[in-house]
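Beneath this line is the structure, given in C-alpha cells, with notes to follow.
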Amino acid sequence: MDFEFSPQQQQVRDTIMRFVVQDMAALVSEAEESEVFPRELFRKWGELGLLGVRYPEADGGSGFDKVSDCIVREEMSRVCQAFASSWSAHTHLALWPIWRAGTEAQKARFFKPGLAGEKIGGFGLSEPDGGSDVRSMKTRAEKVEGGWRLNGSKLYITNAPLADFLTVAARTKAEHTADAISLFLVELPNPGFSISKLKKEGIRSSETGLIHIENAFVPDDCLLGGEVGTYGIVLESLSENRIGVSANCIGMARGAFDAALDFARTRIVRGKPIIEYQAIAHKLADMAADIEAAKWFVYYGAWRVDQGTIDSATAAKVKLVASEMAVRVTEAAIRILGGAGIMREYPVGRFHRDALVYVIGEGTSEIQRNIICRELRAAR
C-alpha cells in the first residue's frame with residue numbers, strides 16, 4: 001500500500017495552489033456579494049489545462065488521473081467552493097458525457113471549445129418534481145422532422161444563467177426503464193429555453209438556474225452520440241462525480257479549519273490564546289482528525305476510479321462521509337470564532353453555507369444511504 005502522492009500529483013497540487021492564491025482568491029469577495037460568477041476564470045482555467053484534467057492528451061486534455069482531479073478540487077474549494085462548483089459542473093457534468101459518448105462532430109463543436117474555456121456548459125438533470133428520483137423525469141423529447149421537440153423543466157442547474165450550451169436529459173420513451181432517458185446538447189440561447197437565475201444561501205457566486213422548456217427544437221445532430229437511451233452515461237457520470245465532490249468537501253473543511261486554527265492562535269482571552277483552553281483545543285483536534293480520516297477515504301475512492309473498480313456503493317459511502325464531515329467541521333469553526341464566525345469578514349460562515357449544499361447536491365445523504373443499503377441487502 002502506498003499513501004504517497006506521486007511527483008506528478010504533487011506538481012499538480014503546487015500548480016493549483018499558486019493559481020488559486022494568485023488568480024482566484026482576490027475575486028471571491030466581490031463575486032459572493034454580487035452573486036455573479038467571474039466568467040473570465042473559464043478562459044484562465046482553459047489556458048492552464050485545468051478544464052481537461054480528467055481527459056486524455058489525445059483528446060485535448062491534460063491526461064491526469066482521478067487523484068489529480070481530486071487534488072485540483074480540494075485546493076480550489078479551500079479558497080472558494082462556488083468557483084469550484086461552476087468548474088465541476090462544466091468540466092465533468094457537461095463535458096464528460098460528450099467525451100464518453102459524443103460523435104466526433106459533437107466533440108469538435110462542444111467538447112474541444114469547452115476544454116479551452118471558450119464555451120461554458122451545464123448539465124440539465126434535476127427537475128422540480130423529481131429531485132433525486134431521476135427515473136421519474138418529466139421532461140420529454142418528441143421526435144419531429146429533422147430533430148426533437150423538448151418540453152419540461154429543470155431546476156438547480158449550475159451555470160445555466162451563463163452557459164453557452166447545456167447537456168440535457170429528457171425522456172424519449174414513456175416507460176420508466178433505463179433506456180427511456182436520452183441526452184441532448186442544447187446550444188444557448190434557444191427560443192424554447194427560458195432561464196431564471198436563482199438566489200441561494202450557499203455557493204452564491206456559482207450561478208444557478210430554473211429552466212422552463214417549451215417546444216424547444218434540438219436538431220438530430222445534437223442527440224448525444226446519435227442514439228437514444230443514454231441513461232447509463234448519466235449513472236457513470238454521477239458515480240465518478242460523487243468522488244469528485246467529496247474532494248471538494250475536504251477542501252471546504254480545510255479552509256474552515258485553517259481559519260479557525262489561525263483565529264484560535266491569535267485571539268487572546270484572559271491573557272492567552274484561546275487555543276490554550278481545552279474546550280477550544282479539543283474542537284480543533286476533532287476537526288483535524290475528521291478531515292484526515294475523510295481525506296484518505298476520498299483518495300481511496302479516487303484510486304478506485306483510476307483502477308476502474310469504483311462501484312456505486314463505494315462512491316456513495318465516500319460522498320456520505322465527506323459531506324457530513326464538512327458540515328461538522330465548518331460548524332465547529334463558526335463556534336470557535338464565536339461572534340466573529342457569523343461576520344462576513346471571516347470565511348467560516350461561507351464555508352458552512354457551502355458545505356450544507358453538499359449534503360443535498362449530487363444526491364442527498366439519504367440517497368447515499370439508500371444506495372449503501374441496497375448493497376447490504378444484496379450481500380445477504
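Numbering starts fresh at 1 for the residues of each chain in the C-alpha cells, the chains themselves are lettered A, B, ... in the order given, and ligands are numbered from 1 as they appear.
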Discussion item. So that I can check the surroundings of Ser182 (chain A), please list as a PyMOL selection string every protein, DNA and RNA residue that reaches within 9 Å of it, counting only C-alpha atoms and ignoring chain neighbours fewer than 4 positions away.
Written reply: chain A and resi 141+168-172+223-224+227-231
Just write the chosen residues, C-alpha atoms, as a PDB file, in the first residue's frame.
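See out39.pdb below for the written result:
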```
ATOM      1  CA  ALA A 141     -38.364  14.750 -26.169  1.00  0.00           C
ATOM      2  CA  VAL A 168     -29.893  17.996 -21.118  1.00  0.00           C
ATOM      3  CA  ALA A 169     -31.549  14.742 -20.068  1.00  0.00           C
ATOM      4  CA  ALA A 170     -35.042  14.084 -21.432  1.00  0.00           C
ATOM      5  CA  ARG A 171     -37.443  11.173 -21.678  1.00  0.00           C
ATOM      6  CA  THR A 172     -37.613   9.650 -25.160  1.00  0.00           C
ATOM      7  CA  LEU A 223     -28.709  13.941 -29.802  1.00  0.00           C
ATOM      8  CA  LEU A 224     -25.707  12.706 -27.795  1.00  0.00           C
ATOM      9  CA  GLU A 227     -28.506   7.377 -30.051  1.00  0.00           C
ATOM     10  CA  VAL A 228     -31.423   7.281 -27.629  1.00  0.00           C
ATOM     11  CA  GLY A 229     -31.273   5.527 -24.271  1.00  0.00           C
ATOM     12  CA  THR A 230     -28.044   7.004 -22.920  1.00  0.00           C
ATOM     13  CA  TYR A 231     -29.186   6.990 -19.262  1.00  0.00           C
TER      14      TYR A 231
END
```
Discussion item. When you look at Ala313 (chain A) with a cut-off of 9 Å (counting only C-alpha atoms), what residues show up, excluding the ones that are within fewer than 3 positions of it in the same chain? I need them as number ranges by chain.
Written reply: A: 239, 310, 316-318, 368-369, 371-375
Take the residues from that selection and write them out as a short mmCIF file (atom, residue, chain, number, x, y, z; two decimals), in the first residue's frame, keeping N, CA and C atoms.
```
data_model
loop_
_atom_site.label_atom_id
_atom_site.label_comp_id
_atom_site.auth_asym_id
_atom_site.auth_seq_id
_atom_site.Cartn_x
_atom_site.Cartn_y
_atom_site.Cartn_z
N SER A 239 -21.62 8.59 -10.48
CA SER A 239 -20.78 7.82 -9.56
C SER A 239 -19.39 8.43 -9.45
N ILE A 310 -14.38 1.31 -9.29
CA ILE A 310 -15.35 2.02 -8.45
C ILE A 310 -16.75 1.48 -8.69
N ALA A 316 -21.01 6.18 -2.95
CA ALA A 316 -21.99 6.71 -2.00
C ALA A 316 -21.41 6.83 -0.60
N LYS A 317 -20.64 5.83 -0.19
CA LYS A 317 -20.01 5.86 1.14
C LYS A 317 -19.04 7.03 1.25
N VAL A 318 -18.22 7.21 0.22
CA VAL A 318 -17.25 8.30 0.24
C VAL A 318 -17.96 9.64 0.31
N GLN A 368 -27.63 8.56 -0.57
CA GLN A 368 -26.39 7.78 -0.43
C GLN A 368 -26.61 6.58 0.51
N ARG A 369 -27.35 6.79 1.57
CA ARG A 369 -27.64 5.69 2.49
C ARG A 369 -28.50 4.62 1.81
N ILE A 371 -28.44 3.84 -1.35
CA ILE A 371 -27.55 3.10 -2.25
C ILE A 371 -26.71 2.10 -1.46
N ILE A 372 -26.20 2.54 -0.32
CA ILE A 372 -25.39 1.65 0.52
C ILE A 372 -26.23 0.48 1.04
N CYS A 373 -27.47 0.79 1.43
CA CYS A 373 -28.36 -0.26 1.95
C CYS A 373 -28.69 -1.30 0.89
N ARG A 374 -28.83 -0.87 -0.35
CA ARG A 374 -29.10 -1.83 -1.43
C ARG A 374 -27.96 -2.84 -1.54
N GLU A 375 -26.74 -2.37 -1.39
CA GLU A 375 -25.59 -3.26 -1.44
C GLU A 375 -25.63 -4.23 -0.25
#
```
Worksheet item: From the list A:Leu150, A:Leu188, A:Ala379, A:Leu198, which residue is nearest Ile213 (chain A) when using only C-alpha atoms?
Response: A:Leu150
Item to complete: Point out the residue among A:Leu166, A:Ala216, A:Cys80, A:Val72 with the least atom-to-atom distance to Phe110 (chain A), counting only C-alpha atoms.
Response: A:Leu166
Fill in: Sel. of helix (DSSP H, G or I) residues, region 13-251 of chain A, as number ranges by chain
A: 13-34, 40-48, 50-52, 57-59, 66-79, 81-94, 96-101, 104-115, 134-136, 160-162, 178-180, 220-222, 224-226, 231-251
Fill in: Who sits within 6 Å of Ile157 (chain A), only C-alpha atoms, same chain under 4 positions skipped, as a VMD selection string
chain A and resid 124 208 to 209
What would the file look like if the residues just selected were written as a compact mmCIF listing (two decimals), in the first residue's frame with C-alpha atoms?
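part-v1.txt, freshly written:
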```txt
# COMPACT_ATOMS: atom_id res chain seq x y z
CA GLY A 124 -29.70 19.74 -17.09
CA THR A 208 -27.74 28.50 -10.76
CA GLY A 209 -30.95 28.48 -12.80
```
Worksheet entry | Residue nearest Leu183 (chain A) - candidates A:Thr364, A:Thr167, A:Asn370, A:Ser6, atoms counted: only C-alpha atoms |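 Ranking A:Thr364, A:Thr167, A:Asn370, A:Ser6 by distance to Leu183 (chain A), first place goes to A:Thr167.
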Practice prompt. Could you tell me which of A:Arg135, A:His92, A:Arg328, A:Arg73 comes closest to Ala178 (chain A) if we count only C-alpha atoms?
Written response: A:Arg135
